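What follows is model_29.txt (compact mmCIF, C-alpha atoms).
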```txt
# COMPACT_ATOMS: atom_id res chain seq x y z
CA VAL Z 320 0.00 0.00 0.00
CA THR Z 321 1.24 3.51 -0.82
CA CYS Z 322 -0.21 6.95 -0.17
CA ASP Z 323 -1.52 6.88 -3.76
CA THR Z 324 -3.42 3.63 -3.27
CA ALA Z 325 -4.39 3.75 0.42
CA GLU Z 326 -8.04 4.40 1.09
CA VAL Z 327 -9.21 6.90 3.68
CA PRO Z 328 -11.13 4.96 6.33
CA SER Z 329 -14.85 5.61 6.27
CA PRO Z 330 -16.49 7.79 8.94
CA ALA Z 331 -18.34 4.72 10.18
CA ALA Z 332 -15.05 2.87 10.73
CA ARG Z 333 -13.42 5.86 12.40
CA HIS Z 334 -16.33 6.33 14.79
CA ALA Z 335 -16.59 2.66 15.72
CA ALA Z 336 -14.83 0.94 18.61
CA PRO Z 337 -15.31 -2.82 18.22
CA ALA Z 338 -12.34 -3.62 20.49
CA GLY Z 339 -13.21 -1.11 23.19
CA VAL Z 340 -10.78 1.63 24.27
CA PHE Z 341 -8.12 0.62 21.73
CA ARG Z 342 -8.00 -0.10 18.04
CA ASP Z 343 -7.51 -3.76 17.20
CA PRO Z 344 -3.85 -3.73 16.08
CA VAL Z 345 -4.54 -6.25 13.29
CA ALA Z 346 -8.09 -5.73 12.09
CA GLU Z 347 -7.98 -1.94 12.48
CA ARG Z 348 -4.42 -1.33 11.37
CA PRO Z 349 -5.57 0.96 8.51
CA LEU Z 350 -7.15 3.22 11.15
CA ILE Z 351 -3.92 3.30 13.15
CA ASP Z 352 -1.94 4.12 10.02
CA PHE Z 353 -4.45 6.83 9.10
CA ALA Z 354 -4.15 8.34 12.59
CA GLU Z 355 -0.36 8.43 12.24
CA HIS Z 356 -0.66 10.05 8.81
CA ARG Z 357 -2.89 12.81 10.20
CA GLN Z 358 -0.36 13.70 12.89
CA GLU Z 359 2.47 13.79 10.36
CA ALA Z 360 0.43 15.97 8.00
CA MET Z 361 -0.28 18.51 10.73
CA ALA Z 362 3.29 18.55 12.03
CA ASP Z 363 4.78 18.82 8.55
CA LEU Z 364 2.57 21.83 7.82
CA VAL Z 365 3.75 23.50 11.04
CA CYS Z 366 7.37 22.83 10.11
CA THR Z 367 6.90 24.04 6.54
CA LEU Z 368 5.31 27.29 7.69
CA GLY Z 369 8.06 27.72 10.26
CA GLN Z 370 10.70 27.35 7.59
CA ALA Z 371 8.88 29.90 5.42
CA VAL Z 372 8.81 32.43 8.26
CA ARG Z 373 12.47 31.79 9.10
CA THR Z 374 13.46 32.29 5.48
CA ALA Z 375 11.28 35.35 4.86
CA SER Z 376 12.50 37.07 8.04
CA GLY Z 377 16.13 36.26 7.38
CA GLY Z 378 16.23 34.55 10.75
CA ARG Z 379 15.47 37.83 12.56
CA LYS Z 380 12.08 36.81 13.94
CA LEU Z 381 11.07 34.25 16.54
CA VAL Z 382 8.80 31.55 15.14
CA VAL Z 383 5.90 30.69 17.47
CA PHE Z 384 3.18 28.09 16.98
CA PHE Z 385 0.21 26.90 18.98
CA TYR Z 386 0.85 23.14 18.92
CA GLY Z 387 1.45 20.05 21.03
CA TYR Z 388 -1.62 19.82 23.29
CA GLY Z 389 -0.88 16.21 24.14
CA PHE Z 390 -2.24 16.23 27.69
CA GLU Z 391 -5.37 18.18 26.75
CA PHE Z 392 -6.78 15.97 24.00
CA GLY Z 393 -7.15 12.75 25.94
CA ALA Z 394 -10.67 13.96 26.69
CA LEU Z 395 -11.86 14.32 23.09
CA GLY Z 396 -15.22 12.68 22.48
CA THR Z 397 -14.09 11.00 19.26
CA ASP Z 398 -10.46 9.91 19.68
CA PRO Z 399 -7.26 11.86 20.42
CA SER Z 400 -5.81 11.46 16.93
CA VAL Z 401 -8.41 13.75 15.34
CA SER Z 402 -6.54 16.67 16.94
CA GLY Z 403 -3.39 16.21 14.86
CA HIS Z 404 -1.32 17.15 17.92
CA TYR Z 405 0.53 13.86 18.49
CA ALA Z 406 3.67 14.42 16.45
CA LEU Z 407 5.31 16.85 18.84
CA ARG Z 408 8.70 15.20 18.45
CA ARG Z 409 8.53 15.90 14.71
CA VAL Z 410 7.99 19.61 15.42
CA LEU Z 411 10.63 19.76 18.15
CA SER Z 412 13.16 18.41 15.66
CA SER Z 413 12.65 21.42 13.40
CA PRO Z 414 15.38 24.10 13.65
CA ASP Z 415 12.84 26.67 12.45
CA ILE Z 416 10.54 26.55 15.51
CA ASP Z 417 11.58 28.61 18.54
CA VAL Z 418 8.50 28.69 20.77
CA LEU Z 419 5.44 26.49 21.23
CA CYS Z 420 2.35 27.86 22.88
CA ALA Z 421 -1.08 26.95 24.26
CA PRO Z 422 -3.54 28.38 26.72
CA ILE Z 423 -3.21 27.26 30.30
CA SER Z 424 -5.22 24.07 30.55
CA TYR Z 425 -8.95 24.55 30.94
CA TRP Z 426 -8.88 21.83 33.59
CA ASP Z 427 -7.97 22.55 37.24
CA ARG Z 428 -7.42 26.28 36.82
CA SER Z 429 -9.91 27.69 39.37
CA PRO Z 430 -8.84 29.32 42.68
CA GLY Z 431 -6.94 26.79 44.78
CA GLN Z 432 -6.16 24.62 41.76
CA SER Z 433 -2.95 24.02 39.86
CA ALA Z 434 -3.39 25.52 36.34
CA PRO Z 435 -1.43 22.81 34.47
CA ALA Z 436 0.14 22.95 31.02
CA MET Z 437 -1.54 21.43 27.98
CA SER Z 438 1.68 19.95 26.63
CA ALA Z 439 4.75 17.88 27.44
CA ALA Z 440 6.29 21.23 28.27
CA GLU Z 441 9.45 19.88 29.87
CA SER Z 442 10.22 17.95 26.69
CA VAL Z 443 9.86 21.22 24.79
CA ALA Z 444 12.56 22.70 27.04
CA LEU Z 445 14.78 19.63 26.66
CA ALA Z 446 14.65 20.23 22.90
CA GLY Z 447 16.03 23.74 23.43
CA LYS Z 448 12.76 25.56 22.81
CA LEU Z 449 10.50 27.73 24.96
CA TRP Z 450 7.04 26.76 26.18
CA LEU Z 451 4.74 29.79 26.31
CA ASN Z 452 1.56 29.82 28.38
CA GLU Z 453 -1.23 31.97 27.04
CA ASP Z 454 -2.93 33.20 30.21
CA ASP Z 455 -6.57 33.88 29.36
CA THR Z 456 -7.67 33.91 33.00
CA SER Z 457 -11.19 35.18 33.46
CA THR Z 458 -10.58 38.33 35.49
CA TYR Z 459 -13.20 40.12 37.53
CA LEU Z 460 -13.74 42.38 34.50
CA ALA Z 461 -14.45 39.51 32.10
CA PRO Z 462 -18.03 39.01 30.90
CA LYS Z 463 -19.95 36.34 32.79
CA ARG Z 464 -21.53 34.49 29.91
CA ASP Z 465 -21.43 30.97 28.56
CA ASP Z 466 -19.72 31.89 25.29
CA HIS Z 467 -16.70 32.98 27.35
CA PRO Z 468 -15.40 29.47 28.01
CA VAL Z 469 -13.39 30.09 31.18
CA TRP Z 470 -15.46 32.60 33.12
CA LYS Z 471 -16.61 30.08 35.73
CA SER Z 472 -12.98 29.35 36.68
CA GLY Z 473 -12.13 33.00 37.31
CA SER Z 474 -12.75 35.50 40.10
CA ASP Z 475 -15.20 38.33 40.68
CA THR Z 476 -12.79 40.55 42.66
CA LEU Z 477 -9.49 42.26 41.94
CA ALA Z 478 -7.83 40.50 44.86
CA GLY Z 479 -9.03 37.11 43.66
CA THR Z 480 -7.97 37.88 40.11
CA ASN Z 481 -4.49 38.86 41.25
CA ALA Z 482 -4.19 35.65 43.25
CA LEU Z 483 -4.87 33.64 40.09
CA LEU Z 484 -2.46 35.67 37.96
CA VAL Z 485 0.32 35.47 40.55
CA ARG Z 486 -0.20 31.71 40.91
CA ASN Z 487 0.14 31.32 37.17
CA VAL Z 488 3.27 33.46 36.92
CA ALA Z 489 4.82 31.62 39.85
CA GLN Z 490 4.36 28.27 38.18
CA GLU Z 491 5.65 29.61 34.88
CA ALA Z 492 8.73 30.99 36.63
CA LEU Z 493 9.35 27.66 38.37
CA ARG Z 494 9.13 25.72 35.11
CA ASN Z 495 10.92 28.28 32.88
CA PHE Z 496 7.85 29.05 30.78
CA GLY Z 497 7.08 32.31 29.08
CA THR Z 498 3.63 33.85 29.39
CA TRP Z 499 1.35 36.52 28.00
CA TRP Z 500 -1.97 37.82 29.21
CA MET Z 501 -4.72 37.25 26.67
CA ASP Z 502 -8.02 39.15 26.63
CA LEU Z 503 -10.05 36.21 25.39
CA SER Z 504 -13.29 38.16 25.35
CA CYS Z 505 -11.81 41.29 23.70
CA SER Z 506 -13.63 43.18 26.44
CA GLY Z 507 -10.80 44.88 28.31
CA GLN Z 508 -10.67 42.23 31.01
CA PHE Z 509 -7.11 43.21 31.98
CA ASP Z 510 -7.88 46.95 31.99
CA ASP Z 511 -7.01 47.59 35.63
CA SER Z 512 -3.68 49.00 36.76
CA GLY Z 513 -4.02 46.91 39.91
CA MET Z 514 -3.31 43.79 37.84
CA TRP Z 515 -0.33 45.34 36.07
CA ARG Z 516 1.21 46.44 39.36
CA GLU Z 517 1.45 42.75 40.23
CA MET Z 518 3.37 42.08 37.04
CA ALA Z 519 5.72 44.96 37.86
CA ARG Z 520 6.21 43.54 41.36
CA LEU Z 521 7.11 40.14 39.91
CA LYS Z 522 9.72 41.65 37.59
CA VAL Z 523 12.27 41.34 40.40
CA MET Z 524 11.83 37.57 40.32
CA ASP Z 525 11.93 37.56 36.53
CA ASP Z 526 15.20 39.48 36.43
CA GLU Z 527 16.80 37.15 38.99
CA LEU Z 528 15.84 34.06 36.99
CA LEU Z 529 17.13 35.58 33.76
CA GLN Z 530 20.48 36.38 35.37
CA ARG Z 531 20.80 32.94 37.00
CA PRO Z 532 18.91 30.48 34.80
CA THR Z 533 18.30 27.11 36.43
CA PRO Z 534 16.96 24.03 34.61
CA PHE Z 535 13.72 22.63 36.00
CA ARG Z 536 14.40 19.05 37.06
CA PRO Z 537 11.35 17.88 39.03
CA GLN Z 538 11.17 14.81 41.23
CA VAL Z 539 8.08 13.51 39.42
CA ALA Z 540 7.77 12.91 35.67
CA ALA Z 541 4.31 12.61 34.11
CA VAL Z 542 4.80 10.82 30.81
CA VAL Z 543 2.65 10.72 27.68
CA ASP Z 544 3.56 8.45 24.78
CA GLU Z 545 2.50 9.91 21.44
CA ARG Z 546 2.41 6.68 19.46
CA SER Z 547 0.25 5.07 22.11
CA MET Z 548 -2.32 7.84 21.81
CA LEU Z 549 -2.89 6.82 18.18
CA ARG Z 550 -4.09 3.40 19.35
CA MET Z 551 -7.12 4.88 21.15
CA ALA Z 552 -10.50 4.37 19.52
CA ALA Z 553 -13.65 6.45 19.37
CA GLY Z 554 -15.12 6.91 22.82
CA SER Z 555 -11.78 6.27 24.51
CA ALA Z 556 -12.26 9.39 26.65
CA VAL Z 557 -13.78 7.01 29.22
CA VAL Z 558 -10.10 6.33 30.00
CA GLY Z 559 -8.43 9.34 28.40
CA ARG Z 560 -10.30 11.94 30.42
CA PRO Z 561 -9.57 10.61 33.93
CA GLY Z 562 -6.30 8.93 32.96
CA LEU Z 563 -4.60 11.81 31.14
CA TYR Z 564 -6.61 15.05 31.03
CA GLU Z 565 -7.80 15.03 34.64
CA ALA Z 566 -4.70 13.28 36.01
CA ARG Z 567 -2.88 16.61 36.11
CA ALA Z 568 -5.00 17.75 39.06
CA PRO Z 569 -3.74 15.16 41.57
CA LEU Z 570 -0.24 15.59 40.17
CA GLY Z 571 -0.49 19.31 40.81
CA HIS Z 572 -1.58 18.71 44.41
CA LEU Z 573 0.97 15.99 45.07
CA GLY Z 574 3.25 18.05 47.30
CA ALA Z 575 6.27 17.57 45.02
CA PRO Z 576 7.03 19.29 41.72
CA TYR Z 577 6.19 17.40 38.54
CA GLY Z 578 7.07 17.85 34.90
CA GLN Z 579 5.31 16.78 31.70
CA TYR Z 580 7.39 14.71 29.28
CA LEU Z 581 7.24 12.73 26.07
CA GLY Z 582 7.86 9.02 26.45
CA ASP Z 583 10.74 9.02 23.99
CA ASP Z 584 12.69 11.39 26.26
CA VAL Z 585 12.39 8.85 29.07
CA VAL Z 586 13.39 5.99 26.77
CA ALA Z 587 16.44 7.98 25.66
CA GLY Z 588 17.53 8.58 29.26
CA ARG Z 589 17.01 12.33 29.13
CA VAL Z 590 14.71 12.43 32.18
CA SER Z 591 15.85 11.84 35.75
CA ALA Z 592 13.10 11.54 38.37
CA LYS Z 593 12.32 9.71 41.59
CA LEU Z 594 8.81 8.83 40.37
CA TYR Z 595 7.75 8.17 36.78
CA VAL Z 596 4.00 8.26 36.16
CA PHE Z 597 3.36 6.50 32.86
CA LEU Z 598 -0.06 7.80 31.88
CA THR Z 599 -0.33 6.30 28.37
CA PRO Z 600 2.23 3.47 28.00
CA PHE Z 601 -0.01 1.45 25.70
CA CYS Z 602 2.35 0.72 22.79
CA LEU Z 603 6.06 0.07 23.29
CA SER Z 604 8.43 -1.96 21.14
CA ALA Z 605 10.81 -4.50 22.64
CA ALA Z 606 13.73 -2.11 22.24
CA GLU Z 607 11.78 0.71 23.87
CA ARG Z 608 10.80 -1.45 26.83
CA THR Z 609 14.39 -2.50 27.42
CA ALA Z 610 15.68 1.07 27.21
CA LEU Z 611 12.88 2.43 29.39
CA LEU Z 612 13.41 -0.08 32.17
CA LYS Z 613 17.13 0.60 32.10
CA ALA Z 614 16.68 4.39 32.14
CA THR Z 615 14.27 4.29 35.10
CA ALA Z 616 16.02 1.63 37.17
CA GLY Z 617 16.17 2.55 40.84
CA SER Z 618 13.16 4.86 40.64
CA THR Z 619 9.49 4.17 41.30
CA ARG Z 620 7.36 3.49 38.24
CA LEU Z 621 3.59 4.01 38.28
CA TRP Z 622 1.90 2.19 35.39
CA CYS Z 623 -1.57 3.69 35.06
CA TYR Z 624 -3.43 1.60 32.48
CA ALA Z 625 -2.68 -1.16 29.95
CA PRO Z 626 1.13 -0.80 29.95
CA GLY Z 627 2.64 -2.51 26.91
CA TYR Z 628 -0.72 -3.82 25.69
CA HIS Z 629 0.31 -3.31 22.06
CA GLU Z 630 3.70 -4.35 20.72
CA ASP Z 631 3.79 -2.83 17.27
CA TYR Z 632 0.83 -4.56 15.56
CA ARG Z 633 -0.12 -7.26 18.03
CA VAL Z 634 -1.50 -7.59 21.54
CA SER Z 635 1.28 -8.65 23.91
CA PRO Z 636 0.60 -10.03 27.41
CA GLU Z 637 4.33 -10.77 27.56
CA ALA Z 638 5.19 -7.10 27.13
CA MET Z 639 2.79 -6.15 29.93
CA GLN Z 640 4.43 -8.66 32.25
CA GLU Z 641 7.90 -7.44 31.31
CA LEU Z 642 7.08 -3.84 32.18
CA THR Z 643 5.13 -4.38 35.40
CA GLY Z 644 6.46 -7.63 36.81
CA PHE Z 645 2.88 -8.93 37.08
CA THR Z 646 0.79 -11.23 34.93
CA LEU Z 647 -2.00 -8.97 33.70
CA LYS Z 648 -5.13 -10.67 32.42
CA PRO Z 649 -8.41 -9.21 31.16
CA VAL Z 650 -11.28 -8.96 33.63
CA SER Z 651 -14.80 -7.62 33.11
CA PRO Z 652 -16.37 -6.26 36.29
CA ASP Z 653 -19.46 -4.09 35.83
CA LYS Z 654 -17.41 -1.07 36.96
CA ALA Z 655 -13.73 -0.20 36.61
CA TRP Z 656 -13.88 0.95 40.21
CA ALA Z 657 -10.94 0.42 42.57
CA THR Z 658 -11.74 0.05 46.27
CA PRO Z 659 -8.77 0.17 48.67
CA THR Z 660 -7.89 -2.98 50.57
CA GLU Z 661 -6.61 -2.99 54.14
CA ALA Z 662 -3.07 -2.98 52.78
CA GLY Z 663 -3.90 -0.04 50.53
CA THR Z 664 -5.49 1.92 53.35
CA LYS Z 665 -2.37 1.48 55.48
CA LEU Z 666 -0.32 3.02 52.67
CA GLY Z 667 -2.60 6.03 52.35
CA LEU Z 668 -5.33 5.07 49.86
CA GLN Z 669 -8.37 6.56 51.52
CA GLN Z 670 -10.95 6.70 48.74
CA ALA Z 671 -12.24 4.45 46.01
CA PHE Z 672 -11.79 5.79 42.49
CA GLY Z 673 -11.99 4.86 38.84
CA VAL Z 674 -14.68 4.72 36.18
CA ASN Z 675 -18.25 4.18 37.34
CA GLY Z 676 -19.01 1.80 34.50
CA PRO Z 677 -17.40 -0.94 32.41
CA VAL Z 678 -14.11 -0.43 30.59
CA ARG Z 679 -12.86 -2.77 27.89
CA PRO Z 680 -10.16 -3.96 28.02
CA LEU Z 681 -9.51 -3.94 31.75
CA PHE Z 682 -6.68 -5.81 33.45
CA ALA Z 683 -5.94 -7.35 36.83
CA ALA Z 684 -2.62 -8.44 38.33
CA VAL Z 685 -3.72 -12.01 38.83
CA ASP Z 686 -0.45 -13.25 40.34
CA ALA Z 687 -0.10 -10.51 42.96
CA ASN Z 688 0.29 -11.69 46.54
CA PRO Z 689 -2.48 -10.55 48.93
CA GLU Z 690 -0.14 -8.13 50.69
CA GLU Z 691 0.72 -6.57 47.30
CA VAL Z 692 -2.92 -5.86 46.39
CA LEU Z 693 -3.80 -2.28 47.34
CA ALA Z 694 -7.26 -2.10 45.72
CA THR Z 695 -9.74 -4.45 44.08
CA TYR Z 696 -12.42 -4.26 41.43
CA PRO Z 697 -16.05 -5.14 42.33
CA ASP Z 698 -15.42 -8.73 41.23
CA GLY Z 699 -12.55 -9.02 43.75
CA SER Z 700 -9.76 -9.03 41.16
CA PRO Z 701 -6.65 -6.92 41.91
CA ALA Z 702 -7.03 -3.38 40.55
CA ILE Z 703 -3.85 -1.92 42.06
CA ALA Z 704 -0.78 -3.93 42.92
CA LEU Z 705 2.55 -2.88 44.38
CA GLY Z 706 5.66 -4.66 43.11
CA ARG Z 707 9.05 -4.42 44.72
```
What would you get if you wrote out this structure as structure tokens?
Amino acid sequence: VTCDTAEVPSPAARHAAPAGVFRDPVAERPLIDFAEHRQEAMADLVCTLGQAVRTASGGRKLVVFFYGYGFEFGALGTDPSVSGHYALRRVLSSPDIDVLCAPISYWDRSPGQSAPAMSAAESVALAGKLWLNEDDTSTYLAPKRDDHPVWKSGSDTLAGTNALLVRNVAQEALRNFGTWWMDLSCSGQFDDSGMWREMARLKVMDDELLQRPTPFRPQVAAVVDERSMLRMAAGSAVVGRPGLYEARAPLGHLGAPYGQYLGDDVVAGRVSAKLYVFLTPFCLSAAERTALLKATAGSTRLWCYAPGYHEDYRVSPEAMQELTGFTLKPVSPDKAWATPTEAGTKLGLQQAFGVNGPVRPLFAAVDANPEEVLATYPDGSPAIALGR
């Protein structure tokens, strides 16, 4: 098959999910290939436009693109690949791109929350480029209407608004991001000198960081694997929303700094952390598994869902066992709901969590010893297991 002879999968095929959360790696391979093609097409356009700007400006202008929302699109109602945002590595490899940008995530950005990044922002920095947060915080001057998508996460006072803006700038300073304030409603929502005085006050911190730049090397690495995201089928947000999009909230409240990385940076040994949280480790080759386990040896690994389920174009229970140390077998409780065991409660698991409905496929660590089982599904099978 070539690009000239390959057929575009039908809408009915793209919107179906006969194997559940994932595409069947054999029967639905054309859909996987099509998803990969869409990411490459988007990324190649970004790179081509970047090269055009670099050439036309004689290299005198910074080239900035909104791209790489890998953590944000796990919640799409169709499947993540429709976004075209899962070829970030391809864009990072371009010498013509200087800055990548996105709004602050629209998840967990209210007062008292963490305002996470949409992208694998620390991988952007590792590639020698700048991540830029567009701060479209809903200030107290913003219109309170439903066509202003973030107004419910804002504040109705100047003091509350400043608290949000300072929180955002503080996180951006910690992680070496850039930022700009964006009047999303075009209504003058930043038209108060009281807000700008805060930015002037923070200039002292900005100047210090510019004079003494320090790489951000957090203790916790939250990892998204781009190729794995292309294996997710229509309706996969049942896992993608809590497992990737919403997962940034507990990470942000963890009590230790975390960074957002691409899986290939971990495989290549470019990330050093005490805890690796593998959010989407669904598809890893044998070589990648070997390199990943070597690169993370001595640290704690948290495998969130279906680690190693696909090996290239086949389902691989052996790969799952290699990564986790457990034999993982499919189970089918009526809910993918994890209730802490006594052992789990002793280690700090205080609440049940998961998906309040069936998930297919779903896996249990069937060979875990009782003392290793920290939570169980409604059918009693091990939902969380701790290996040593």
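Pairwise distance (CA of Thr695 (chain Z), CA of Ala671 (chain Z)) equals 9.4 Å.
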Separation of CA of Thr643 (chain Z) from CA of Ser700 (chain Z) in Å: 16.6 Å
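A search radius of 8 Å centred on (-10.9, 8.2, 37.6), applied to all atoms listed in the file, returns the residues Z:Val558, Z:Pro561, Z:Gly562, Z:Phe672, Z:Gly673, Z:Val674.
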Which of these residues is nearest to Gln508 (chain Z), using only C-alpha atoms: Z:Glu607, Z:Glu359, Z:Asp455, Z:Asp398? Z:Asp455
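The smallest atom-to-atom distance between Trp426 (chain Z) and any of Z:Arg567, Z:Arg494, Z:Arg550, Z:Arg520, using all atoms listed in the file, is found for Z:Arg567.
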Figure out the distance between CA of Thr480 (chain Z) and CA of Phe509 (chain Z), please, to one decimal in Å. 9.8 Å
All file atoms of region 501-515 of chain Z boxed axis-aligned, 5 Å per side, centre plus edges, as AutoDock Vina command-line options:
```
--center_x -7.0 --center_y 42.6 --center_z 31.8 --size_x 23.3 --size_y 22.8 --size_z 26.2
```
Give me the residues within 12 Å of Ala566 (chain Z) as a ChimeraX atom specification, counting all atoms listed in the file and dropping any in the same chain fewer than 2 places off. /Z:390-391,393-394,426-427,433,435-437,541-543,558-564,568-573,577,579,596-599,623,673
Please provide the set of residues having any atom within 9 Å of His334 (chain Z), restricted to all atoms listed in the file, with same-chain residues fewer than 6 positions apart removed, written as JSON, numbers by chain. {"Z": [397, 398, 552, 553, 554]}
Nearest to Gly644 (chain Z): which of Z:Gly377, Z:Pro328, Z:Pro659, Z:Pro626 is it, counting all atoms listed in the file? Z:Pro626
With a distance cut-off of 12 Å and all atoms listed in the file, select the neighbouring residues of Met514 (chain Z), excluding the residue or stretch itself and same-chain residues fewer than 3 positions from it, and output the selection as a short mmCIF file (atom, residue, chain, number, x, y, z; two decimals) with C-alpha atoms, keeping the file's coordinate frame.
```
data_model
loop_
_atom_site.label_atom_id
_atom_site.label_comp_id
_atom_site.auth_asym_id
_atom_site.auth_seq_id
_atom_site.Cartn_x
_atom_site.Cartn_y
_atom_site.Cartn_z
CA THR Z 456 -7.67 33.91 33.00
CA THR Z 458 -10.58 38.33 35.49
CA TYR Z 459 -13.20 40.12 37.53
CA LEU Z 460 -13.74 42.38 34.50
CA THR Z 476 -12.79 40.55 42.66
CA LEU Z 477 -9.49 42.26 41.94
CA ALA Z 478 -7.83 40.50 44.86
CA GLY Z 479 -9.03 37.11 43.66
CA THR Z 480 -7.97 37.88 40.11
CA ASN Z 481 -4.49 38.86 41.25
CA ALA Z 482 -4.19 35.65 43.25
CA LEU Z 483 -4.87 33.64 40.09
CA LEU Z 484 -2.46 35.67 37.96
CA VAL Z 485 0.32 35.47 40.55
CA TRP Z 500 -1.97 37.82 29.21
CA GLN Z 508 -10.67 42.23 31.01
CA PHE Z 509 -7.11 43.21 31.98
CA ASP Z 510 -7.88 46.95 31.99
CA ASP Z 511 -7.01 47.59 35.63
CA GLU Z 517 1.45 42.75 40.23
CA MET Z 518 3.37 42.08 37.04
CA ALA Z 519 5.72 44.96 37.86
CA ARG Z 520 6.21 43.54 41.36
CA LEU Z 521 7.11 40.14 39.91
#
```
Could I get region 572-584 of chain Z rebuilt with N, CA and C atoms, written as a compact mmCIF listing (two decimals), keeping the file's coordinate frame?
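Okay, out.txt is ready:
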```txt
# COMPACT_ATOMS: atom_id res chain seq x y z
N HIS Z 572 -1.37 18.61 42.96
CA HIS Z 572 -1.58 18.71 44.41
C HIS Z 572 -0.77 17.65 45.17
N LEU Z 573 0.22 17.12 44.52
CA LEU Z 573 0.97 15.99 45.07
C LEU Z 573 1.85 16.38 46.25
N GLY Z 574 2.31 17.63 46.26
CA GLY Z 574 3.25 18.05 47.30
C GLY Z 574 4.69 17.98 46.87
N ALA Z 575 4.94 17.58 45.62
CA ALA Z 575 6.27 17.57 45.02
C ALA Z 575 6.14 18.08 43.60
N PRO Z 576 7.14 18.76 43.08
CA PRO Z 576 7.03 19.29 41.72
C PRO Z 576 7.00 18.18 40.68
N TYR Z 577 6.22 18.38 39.63
CA TYR Z 577 6.19 17.40 38.54
C TYR Z 577 6.39 18.11 37.21
N GLY Z 578 6.91 17.36 36.25
CA GLY Z 578 7.07 17.85 34.90
C GLY Z 578 6.32 16.97 33.93
N GLN Z 579 6.08 17.48 32.72
CA GLN Z 579 5.31 16.78 31.70
C GLN Z 579 6.24 16.47 30.52
N TYR Z 580 6.37 15.17 30.22
CA TYR Z 580 7.39 14.71 29.28
C TYR Z 580 6.79 13.80 28.21
N LEU Z 581 7.49 13.73 27.09
CA LEU Z 581 7.24 12.73 26.07
C LEU Z 581 7.93 11.43 26.46
N GLY Z 582 7.30 10.32 26.11
CA GLY Z 582 7.86 9.02 26.45
C GLY Z 582 9.22 8.78 25.83
N ASP Z 583 9.46 9.31 24.63
CA ASP Z 583 10.74 9.02 23.99
C ASP Z 583 11.90 9.70 24.71
N ASP Z 584 11.64 10.79 25.44
CA ASP Z 584 12.69 11.39 26.26
C ASP Z 584 13.08 10.47 27.41
```
